[in-house]
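Undergrad: Provided herewith: final-v3.csv, CSV, C-alpha atoms and all ligand atoms.
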```csv
chain,number,residue,atom,x,y,z
A,183,MET,CA,-0.8,26.7,-5.2
A,184,VAL,CA,0.3,23.4,-6.5
A,185,ASP,CA,-0.5,22.5,-10.1
A,186,ASP,CA,-1.0,19.3,-12.1
A,187,GLN,CA,2.6,19.5,-13.4
A,188,PHE,CA,3.9,19.2,-9.9
A,189,TYR,CA,1.7,16.2,-9.2
A,190,ARG,CA,2.8,14.5,-12.4
A,191,GLU,CA,6.5,15.0,-11.4
A,192,TYR,CA,5.7,13.8,-7.9
A,193,ILE,CA,4.1,10.6,-9.2
A,194,LEU,CA,7.0,10.1,-11.7
A,195,ASP,CA,9.5,10.6,-8.9
A,196,HIS,CA,7.8,7.8,-6.8
A,197,TYR,CA,7.6,5.6,-9.9
A,198,LYS,CA,11.3,6.1,-10.8
A,199,ASN,CA,12.6,6.1,-7.2
A,200,PRO,CA,10.0,3.9,-5.4
A,201,ARG,CA,10.2,4.1,-1.6
A,202,ASN,CA,10.3,0.9,0.3
A,203,PHE,CA,10.6,-1.2,-2.8
A,204,GLY,CA,11.9,-4.8,-2.3
A,205,ARG,CA,11.3,-7.7,0.1
A,206,LEU,CA,11.6,-8.1,3.8
A,207,GLU,CA,13.4,-11.1,5.3
A,208,LYS,CA,11.0,-13.2,7.3
A,209,PRO,CA,7.9,-11.0,7.1
A,210,ASP,CA,5.1,-11.6,9.5
A,211,VAL,CA,2.6,-11.2,6.6
A,212,SER,CA,3.1,-11.3,2.9
A,213,HIS,CA,0.3,-10.7,0.4
A,214,GLU,CA,-0.1,-10.1,-3.3
A,215,GLU,CA,-3.0,-8.9,-5.4
A,216,LEU,CA,-3.5,-8.9,-9.1
A,217,ASN,CA,-5.1,-6.2,-11.2
A,218,PRO,CA,-7.4,-8.3,-13.4
A,219,LEU,CA,-7.5,-5.6,-16.0
A,220,CYS,CA,-3.9,-5.7,-16.9
A,221,GLY,CA,-2.4,-8.8,-15.1
A,222,ASP,CA,0.0,-6.6,-13.1
A,223,VAL,CA,0.7,-7.8,-9.5
A,224,ILE,CA,1.7,-5.9,-6.4
A,225,GLY,CA,2.8,-7.6,-3.2
A,226,MET,CA,3.8,-6.3,0.2
A,227,ASP,CA,5.7,-7.8,3.1
A,228,PHE,CA,4.9,-6.6,6.6
A,229,LYS,CA,6.8,-6.7,9.8
A,230,LEU,CA,4.5,-6.2,12.8
A,231,ALA,CA,5.1,-5.4,16.4
A,232,GLU,CA,2.5,-4.6,19.1
A,233,GLY,CA,-0.3,-4.1,16.7
A,234,ARG,CA,1.7,-1.8,14.5
A,235,ILE,CA,3.2,-2.0,11.0
A,236,GLU,CA,6.9,-1.8,12.0
A,237,ASP,CA,8.2,-2.1,8.5
A,238,VAL,CA,6.8,-2.7,5.0
A,239,ARG,CA,8.2,-3.3,1.5
A,240,PHE,CA,6.4,-3.6,-1.8
A,241,HIS,CA,7.3,-5.6,-4.9
A,242,GLY,CA,5.8,-6.4,-8.2
A,243,ARG,CA,5.2,-4.6,-11.5
A,244,GLY,CA,2.8,-2.1,-12.8
A,245,CYS,CA,2.2,1.3,-14.4
A,246,ALA,CA,3.4,4.6,-12.9
A,247,ILE,CA,0.1,5.1,-11.1
A,248,SER,CA,0.2,1.7,-9.4
A,249,GLN,CA,3.8,2.0,-8.4
A,250,ALA,CA,3.6,5.6,-7.2
A,251,SER,CA,0.5,4.7,-5.2
A,252,ALA,CA,2.2,1.7,-3.6
A,253,SER,CA,5.3,3.8,-2.8
A,254,LEU,CA,3.2,6.6,-1.2
A,255,LEU,CA,1.2,4.1,0.8
A,256,THR,CA,4.2,2.3,2.2
A,257,GLU,CA,5.6,5.6,3.4
A,258,ARG,CA,2.4,6.3,5.2
A,259,LEU,CA,2.1,2.8,6.7
A,260,LYS,CA,5.3,2.6,8.6
A,261,GLY,CA,4.6,2.8,12.3
A,262,MET,CA,0.9,2.9,11.7
A,263,PRO,CA,-1.4,0.8,14.0
A,264,LEU,CA,-3.0,-2.0,12.1
A,265,GLU,CA,-6.5,-0.8,13.0
A,266,GLU,CA,-5.7,2.5,11.4
A,267,ALA,CA,-4.3,0.8,8.3
A,268,ARG,CA,-7.5,-1.1,8.0
A,269,LYS,CA,-9.5,2.1,7.9
A,270,ILE,CA,-7.6,3.9,5.1
A,271,SER,CA,-10.1,4.7,2.5
A,272,LYS,CA,-10.0,4.6,-1.3
A,273,GLU,CA,-10.7,8.3,-1.4
A,274,GLU,CA,-7.7,9.0,0.8
A,275,VAL,CA,-5.4,7.0,-1.5
A,276,LEU,CA,-6.7,8.7,-4.6
A,277,GLU,CA,-6.5,12.1,-3.0
A,278,GLU,CA,-2.9,11.5,-2.0
A,279,LEU,CA,-2.0,10.9,-5.7
A,280,GLY,CA,-3.2,14.4,-6.2
A,281,ILE,CA,-4.3,14.0,-9.9
A,282,GLN,CA,-7.5,13.2,-11.6
A,283,ILE,CA,-7.5,9.4,-12.0
A,284,SER,CA,-9.5,8.2,-15.0
A,285,PRO,CA,-12.0,5.4,-14.4
A,286,ALA,CA,-9.8,3.0,-16.4
A,287,ARG,CA,-6.9,3.6,-14.0
A,288,ILE,CA,-8.7,3.4,-10.7
A,289,LYS,CA,-7.8,-0.2,-10.2
A,290,CYS,CA,-4.2,0.7,-10.8
A,291,ALA,CA,-4.3,3.4,-8.2
A,292,LEU,CA,-6.0,1.2,-5.6
A,293,LEU,CA,-4.2,-2.1,-6.2
A,294,SER,CA,-1.7,-1.5,-3.3
A,295,LEU,CA,-4.5,-0.5,-0.9
A,296,LYS,CA,-6.2,-3.8,-1.7
A,297,VAL,CA,-3.0,-5.6,-0.8
A,298,VAL,CA,-2.9,-3.8,2.6
A,299,LYS,CA,-6.6,-4.3,3.3
A,300,VAL,CA,-6.6,-8.0,2.5
A,301,GLY,CA,-3.2,-8.5,4.1
A,302,ALA,CA,-4.1,-6.5,7.2
A,303,TYR,CA,-7.5,-8.2,7.6
A,304,GLY,CA,-5.8,-11.6,7.4
A,305,LEU,CA,-3.4,-10.5,10.0
A,306,ALA,CA,-6.0,-9.1,12.3
A,307,GLU,CA,-7.6,-12.5,12.4
A,308,GLU,CA,-4.4,-14.2,13.4
A,309,GLU,CA,-3.8,-11.7,16.1
A,310,PHE,CA,-7.3,-12.2,17.3
A,311,GLU,CA,-6.8,-15.9,17.6
A,312,GLU,CA,-3.5,-15.4,19.4
A,313,ASP,CA,-5.3,-13.1,21.9
A,314,GLU,CA,-7.8,-15.8,22.5
A,315,ASP,CA,-5.1,-18.4,23.1
A,316,ASP,CA,-3.4,-16.1,25.6
A,317,SER,CA,-6.5,-15.7,27.7
I,401,LIG,FE1,-1.3,-2.5,-14.7
I,401,LIG,FE2,-1.8,0.0,-14.0
I,401,LIG,S1,-1.7,-0.9,-16.0
I,401,LIG,S2,-1.4,-1.7,-12.7
```
Is it possible to express this structure as structure tokens?
Ligand code: FES
TA:
Amino acid sequence: MVDDQFYREYILDHYKNPRNFGRLEKPDVSHEELNPLCGDVIGMDFKLAEGRIEDVRFHGRGCAISQASASLLTERLKGMPLEEARKISKEEVLEELGIQISPARIKCALLSLKVVKVGAYGLAEEEFEEDEDDS
């Protein structure tokens, strides 16, 4: 059985060694969101191909929870169809962090998901328009 200590180390590891941290050159979509409670910002760059997230990087600053959450999410997003990314729930993201998140830190934990949702929705609209143009 995995205990809380493991999860804390796991989060700390993603915070200290964030996966997919940085910027992509010429991303297809780039989006940032602000946590209004603290002023921290997380942004993501997406490379897309055939309705999938081919590559993703995140940047910005924030607490361990927000950074670990972004790191975990980007690992999961690579190769994922956009439609699937749009359906990722808040509960899933919180569950993946694996620790009890206090109400005050919920926005930290979900900041990166907001970036994906708003970014992905914007993107879906563009794709939709392109499809219409093609027809
Ligand atoms: Fe700013 Fe958590 S305190 S994102």
Undergrad: By how many Å are CA of Arg190 (chain A) and CA of Glu273 (chain A) apart?
TA: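 These two atoms are separated by 18.5 Å.
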Undergrad: Which residues, written as a list in words, have at least one atom at most 9 Å from Leu194 (chain A), with only C-alpha atoms counted and residues fewer than 5 positions away on the same chain left out?
TA: Tyr189, Asn199, Ala246, Ile247 and Ala250 of chain A
Undergrad: Interatomic distance between CA of Ile281 (chain A) and CA of Asp237 (chain A)?
TA: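 CA of Asp237 (chain A) lies at a distance of 27.5 Å from CA of Ile281 (chain A).
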Undergrad: Counting only C-alpha atoms and all ligand atoms, which of A:Arg268, A:Lys208, A:Arg243, A:Lys296 gets nearest to ligand LIG 401 (chain I)?
TA: A:Arg243
Undergrad: Write out as a list in words each polymer residue whose atoms come within 8 Å of Leu259 (chain A), counting all atoms listed in the file; drop sequence neighbours fewer than 6 positions from it.
TA: Ile235, Val238 and Ala267 of chain A
Undergrad: Please give me, as an MDAnalysis selection string, the residues lying within 9 Å of ligand LIG 401 (chain I) when counting all atoms listed in the file.
TA: chainID A and resid 216:224 243:249 286:293
Undergrad: So which one's closest to Lys269 (chain A), A:Glu257, A:Glu191, A:Pro200, A:Tyr303? Using all atoms listed in the file, please.
TA: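 Nearest candidate to Lys269 (chain A) out of A:Glu257, A:Glu191, A:Pro200, A:Tyr303: A:Tyr303.
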